[in-house]
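Report on one structure; see the data block that follows.
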Amino acid sequence: VRGRGGDAETGNQFGVRVTGSKILGGTTLPLTVVGTGGASAGINNLGVVVTAAQSQISSAGGDVSVTGTGGGVGNSIFNYGVRVAAAAELTAGGSGTVTVIGHGGNSEGTGDGNYGVSIGVNNARISSGGGSISVTGTAGSGSTRFGIALMSNGQIVATTGTPTVTLVADRMDLETSSSLIDAGGNTVLLRQLTEGRAINLGGDDSGQLGLTDAELNRIHAGVLQIGDRNSGTITVS
């Protein structure tokens with residue numbers, strides 16, 4: 001499934017929008033969804049958005065891949081690459097893996113809030129029935145933007161079987177009161193996107209991947225790995 005938003009200046013030019021409906025894959029073949037938001041000066045030109053209860057991109061066992069690139073030009077804002085919101089779900093059944101890649105939009109403009117991947121509101125979630133989950137986000141323009149934002153009541157859940165949950169971004173925002181990454185007894189890996197980027201446990205995201213104690217408290221896992229061999233200096237503040 002592929003889509004591109006239009007360029008009307010009214011905004012809301014979605015690449016792929018799933019609202020009150022489902023995109024369903026089978027038991028073995030992969031399901032791939034790719035969306036690009038339109039080059040609009042208005043707001044909310046999302047690459048892929050899945051929103052509202054009963055809305056899903058899912059499979060009965062095949063791998064699921066969702067890639068979204070936000071649009072927007074000028075001072076356009078909220079051009080998320082991939083957004084899962086308002087009780088919607090991205091998931092794969094059986095041992096199918098879930099791969100989500102989001103690029104925040106308006107990269108050459110001045111607008112703000114252009115997140116790579118945003119998950120939140122009313123228990124919106126990314127989950128699997130046993131396969132690993134990988135979420136990679138690149139922030140777009142603006143001072144308030146993140147590669148990955150796990151917002152109010154947003155969830156990433158992989159408690160069945162032995163999957164690994166991997167989050168990759170140079171800036172992450174894990175909402176500290178109601179968001180949740182739950183891997184049960186499995187492994188969660190958080191790492192930088194850019195080779196050599198520093199990681200600060202307890203610090204902010206200024207020039208580094210900052211993960212506060214309150215953010216890390218939102219993670220349930222048997223093993224929590226932070227960084228890899230390509231990380232820069234890791235500091236505990």
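Labels for the structure tokens follow display order: chains A, B, ..., residues from 1 in each chain, ligands from 1.
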(request) Do a neighbour search on A:Asp112 at 10 Å with only C-alpha atoms, toss out local chain neighbours closer than 6 positions, and write the hits as a ChimeraX atom specification. (result) /A:75-79,105-106,140-145
(request) Mind the document's chain letters and residue numbers, and return as a ChimeraX atom specification the residues of stretch 38-178 of chain A that DSSP labels strand (DSSP E). (result) /A:48-51,56-58,64-69,82-85,89-92,98-103,117-120,125-128,133-138,148-150,155-157,164-168,172-174
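Using only C-alpha atoms, the residues found no farther than 7 Å from stretch 59-67 of chain A, other than those of its own chain fewer than 5 positions away, are Leu24, Gly25, Gly26, Thr27, Thr28, Leu29, Pro30, Leu31, Thr32, Val33, Val34, Gly35, Thr91, Ala92, Gly93, Gly94, Ser95, Gly96, Thr97, Val98, Thr99, Val100, Ile101 and Gly102 of chain A.
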Generate the output file for the selected residues, all heavy atoms, as a short mmCIF file (atom, residue, chain, number, x, y, z; two decimals), in the first residue's frame.
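Saved to selection25.cif:
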data_model
loop_
_atom_site.label_atom_id
_atom_site.label_comp_id
_atom_site.auth_asym_id
_atom_site.auth_seq_id
_atom_site.Cartn_x
_atom_site.Cartn_y
_atom_site.Cartn_z
N LEU A 24 -5.18 -5.19 6.38
CA LEU A 24 -4.91 -6.51 6.93
C LEU A 24 -4.00 -7.31 6.01
O LEU A 24 -4.24 -7.41 4.81
CB LEU A 24 -6.22 -7.27 7.14
CG LEU A 24 -7.26 -6.61 8.06
CD1 LEU A 24 -8.53 -7.45 8.09
CD2 LEU A 24 -6.69 -6.42 9.45
N GLY A 25 -2.96 -7.90 6.59
CA GLY A 25 -2.08 -8.79 5.86
C GLY A 25 -2.38 -10.24 6.18
O GLY A 25 -3.19 -10.55 7.07
N GLY A 26 -1.73 -11.15 5.47
CA GLY A 26 -1.99 -12.57 5.62
C GLY A 26 -1.07 -13.26 6.62
O GLY A 26 -0.46 -12.62 7.48
N THR A 27 -0.95 -14.58 6.45
CA THR A 27 -0.23 -15.39 7.42
C THR A 27 1.25 -15.53 7.11
O THR A 27 2.04 -15.83 8.01
CB THR A 27 -0.84 -16.80 7.48
OG1 THR A 27 -0.82 -17.38 6.17
CG2 THR A 27 -2.28 -16.73 7.98
N THR A 28 1.65 -15.31 5.86
CA THR A 28 3.05 -15.55 5.50
C THR A 28 3.69 -14.39 4.74
O THR A 28 4.81 -13.99 5.06
CB THR A 28 3.19 -16.82 4.65
OG1 THR A 28 2.33 -16.72 3.50
CG2 THR A 28 2.81 -18.05 5.45
N LEU A 29 3.04 -13.84 3.75
CA LEU A 29 3.64 -12.76 2.96
C LEU A 29 3.69 -11.47 3.76
O LEU A 29 2.80 -11.19 4.58
CB LEU A 29 2.85 -12.54 1.68
CG LEU A 29 2.87 -13.69 0.67
CD1 LEU A 29 2.01 -13.35 -0.53
CD2 LEU A 29 4.29 -14.01 0.25
N PRO A 30 4.71 -10.64 3.55
CA PRO A 30 4.82 -9.38 4.29
C PRO A 30 3.78 -8.36 3.84
O PRO A 30 3.36 -8.34 2.68
CB PRO A 30 6.24 -8.90 3.97
CG PRO A 30 6.57 -9.54 2.66
CD PRO A 30 5.88 -10.87 2.66
N LEU A 31 3.39 -7.50 4.76
CA LEU A 31 2.52 -6.37 4.49
C LEU A 31 3.37 -5.10 4.60
O LEU A 31 3.99 -4.86 5.64
CB LEU A 31 1.38 -6.32 5.49
CG LEU A 31 0.51 -5.06 5.49
CD1 LEU A 31 -0.19 -4.87 4.15
CD2 LEU A 31 -0.50 -5.10 6.63
N THR A 32 3.39 -4.31 3.54
CA THR A 32 4.20 -3.09 3.51
C THR A 32 3.32 -1.89 3.23
O THR A 32 2.55 -1.89 2.26
CB THR A 32 5.29 -3.19 2.43
OG1 THR A 32 6.13 -4.32 2.69
CG2 THR A 32 6.15 -1.92 2.41
N VAL A 33 3.43 -0.87 4.07
CA VAL A 33 2.68 0.37 3.91
C VAL A 33 3.68 1.52 3.88
O VAL A 33 4.53 1.65 4.78
CB VAL A 33 1.68 0.58 5.07
CG1 VAL A 33 0.94 1.91 4.90
CG2 VAL A 33 0.69 -0.58 5.14
N VAL A 34 3.60 2.36 2.84
CA VAL A 34 4.51 3.48 2.67
C VAL A 34 3.70 4.73 2.36
O VAL A 34 2.89 4.73 1.42
CB VAL A 34 5.53 3.22 1.53
CG1 VAL A 34 6.45 4.42 1.37
CG2 VAL A 34 6.32 1.95 1.79
N GLY A 35 3.90 5.79 3.12
CA GLY A 35 3.15 7.02 2.90
C GLY A 35 4.03 8.25 3.01
O GLY A 35 4.96 8.29 3.83
N THR A 91 0.24 -3.88 14.46
CA THR A 91 0.56 -5.16 15.07
C THR A 91 0.78 -6.22 14.02
O THR A 91 0.37 -6.07 12.86
CB THR A 91 -0.57 -5.59 16.04
OG1 THR A 91 -0.16 -6.74 16.77
CG2 THR A 91 -1.86 -5.89 15.28
N ALA A 92 1.42 -7.31 14.42
CA ALA A 92 1.58 -8.50 13.59
C ALA A 92 1.23 -9.71 14.42
O ALA A 92 1.63 -9.81 15.58
CB ALA A 92 3.00 -8.61 13.04
N GLY A 93 0.50 -10.64 13.84
CA GLY A 93 0.15 -11.86 14.54
C GLY A 93 1.26 -12.89 14.48
O GLY A 93 2.22 -12.76 13.71
N GLY A 94 1.13 -13.94 15.29
CA GLY A 94 2.10 -15.02 15.27
C GLY A 94 3.50 -14.53 15.51
O GLY A 94 3.75 -13.70 16.40
N SER A 95 4.45 -15.02 14.71
CA SER A 95 5.85 -14.62 14.86
C SER A 95 6.23 -13.49 13.91
O SER A 95 7.43 -13.20 13.75
CB SER A 95 6.76 -15.83 14.62
OG SER A 95 6.57 -16.34 13.31
N GLY A 96 5.25 -12.86 13.31
CA GLY A 96 5.54 -11.75 12.40
C GLY A 96 6.20 -10.58 13.11
O GLY A 96 5.83 -10.22 14.23
N THR A 97 7.18 -9.99 12.45
CA THR A 97 7.86 -8.83 13.02
C THR A 97 7.13 -7.54 12.65
O THR A 97 6.37 -7.49 11.67
CB THR A 97 9.31 -8.74 12.53
OG1 THR A 97 9.30 -8.59 11.09
CG2 THR A 97 10.08 -9.98 12.90
N VAL A 98 7.36 -6.50 13.43
CA VAL A 98 6.80 -5.18 13.15
C VAL A 98 7.96 -4.19 13.03
O VAL A 98 8.76 -4.04 13.96
CB VAL A 98 5.85 -4.72 14.27
CG1 VAL A 98 5.32 -3.31 13.97
CG2 VAL A 98 4.70 -5.71 14.43
N THR A 99 8.05 -3.54 11.88
CA THR A 99 9.10 -2.55 11.63
C THR A 99 8.45 -1.22 11.27
O THR A 99 7.65 -1.14 10.33
CB THR A 99 10.01 -2.99 10.47
OG1 THR A 99 10.59 -4.27 10.78
CG2 THR A 99 11.13 -1.98 10.25
N VAL A 100 8.77 -0.19 12.04
CA VAL A 100 8.20 1.14 11.82
C VAL A 100 9.34 2.12 11.63
O VAL A 100 10.25 2.21 12.47
CB VAL A 100 7.32 1.58 13.01
CG1 VAL A 100 6.75 2.97 12.77
CG2 VAL A 100 6.20 0.57 13.24
N ILE A 101 9.30 2.87 10.52
CA ILE A 101 10.32 3.87 10.23
C ILE A 101 9.61 5.18 9.91
O ILE A 101 8.78 5.23 9.00
CB ILE A 101 11.20 3.44 9.04
CG1 ILE A 101 11.88 2.10 9.34
CG2 ILE A 101 12.24 4.51 8.73
CD1 ILE A 101 12.63 1.52 8.16
N GLY A 102 9.93 6.20 10.67
CA GLY A 102 9.28 7.49 10.46
C GLY A 102 10.29 8.62 10.31
O GLY A 102 11.26 8.71 11.07
#
(request) Could you check which of A:Ser231, A:Ser179, A:Thr19, A:Ser55 is closest to A:Leu216, using only C-alpha atoms? (result) A:Ser179
(message) I'd like to know which of A:Thr162, A:Asn186, A:Thr176, A:Thr235 is closest to A:Ala198, using only C-alpha atoms.
(response) A:Thr235
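Compared by their closest atoms to A:Ala124, and using only C-alpha atoms, the residues A:Leu189, A:Val168, A:Ile43, A:Ala53 rank with A:Ala53 nearest.
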(message) With only C-alpha atoms as the counted atoms, please give the residues lying no more than 9 Å from A:Glu175, apart from itself and same-chain residues fewer than 3 positions off, as JSON, numbers by chain.
(response) {"A": [149, 150, 151, 152, 153, 154, 178, 179, 180, 214, 215, 218]}
Could you make a table, as CSV, of the residues of stretch 82-176 of chain A that have an atom within 12 Å of an atom of stretch 223-226 of chain A, each with its nearest atom pair and distance in Å to one decimal, counting only C-alpha atoms, in chain and number order?
residue,atom,partner,partner_atom,distance
A:Thr162,CA,A:Val223,CA,11.7
A:Pro163,CA,A:Val223,CA,11.7
A:Thr164,CA,A:Val223,CA,9.6
A:Val165,CA,A:Leu224,CA,9.7
A:Thr166,CA,A:Gln225,CA,9.4
A:Leu167,CA,A:Ile226,CA,9.8
A:Val168,CA,A:Ile226,CA,10.3
A:Ala169,CA,A:Ile226,CA,11.9
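Closest approach to A:Ser107 from the set A:Thr136, A:Thr10, A:Thr69, A:Gln54 is made by A:Thr69, with distances taken over only C-alpha atoms.
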(message) Which residues are close to A:Gly47, i.e. within 7 Å by only C-alpha atoms, leaving aside same-chain residues fewer than 6 positions away? Reply as a list in words.
(response) Phe14, Gly15, Val16, Gly35, Thr36, Gly37, Gly68, Thr69, Gly70, Gly71, Tyr80, Gly81 and Val82 of chain A
(request) Skip A:Leu201 itself and residues of its chain fewer than 3 positions away, then list as number ranges by chain all residues within 9 Å of it, counting only C-alpha atoms. (result) A: 204, 209-213, 216, 234-237
Would you mind exporting C-alpha atoms of the selected residues as a compact mmCIF listing (two decimals), in the first residue's frame?
# COMPACT_ATOMS: atom_id res chain seq x y z
CA ASP A 204 18.40 16.21 28.26
CA LEU A 209 20.30 11.09 23.34
CA GLY A 210 19.06 11.99 26.81
CA LEU A 211 17.04 9.48 28.85
CA THR A 212 15.86 10.57 32.28
CA ASP A 213 15.19 8.27 35.22
CA LEU A 216 13.40 4.74 31.96
CA ILE A 234 27.67 7.16 27.65
CA THR A 235 27.29 9.35 30.75
CA VAL A 236 25.29 8.78 33.92
CA SER A 237 24.24 12.16 35.30
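The neighbours of A:Ile156 here are the residues that come within 6 Å of it, using only C-alpha atoms and leaving out any residue fewer than 5 positions away in the same chain; they are Arg125, Ile126, Ser127 and Ile181 of chain A.
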Can those selected residues be exported to a file as a compact mmCIF listing (two decimals), in the first residue's frame so that it contains C-alpha atoms?
# COMPACT_ATOMS: atom_id res chain seq x y z
CA ARG A 125 -0.06 0.91 20.58
CA ILE A 126 2.48 -0.96 18.55
CA SER A 127 2.46 -4.64 19.46
CA ILE A 181 7.11 -0.05 26.89
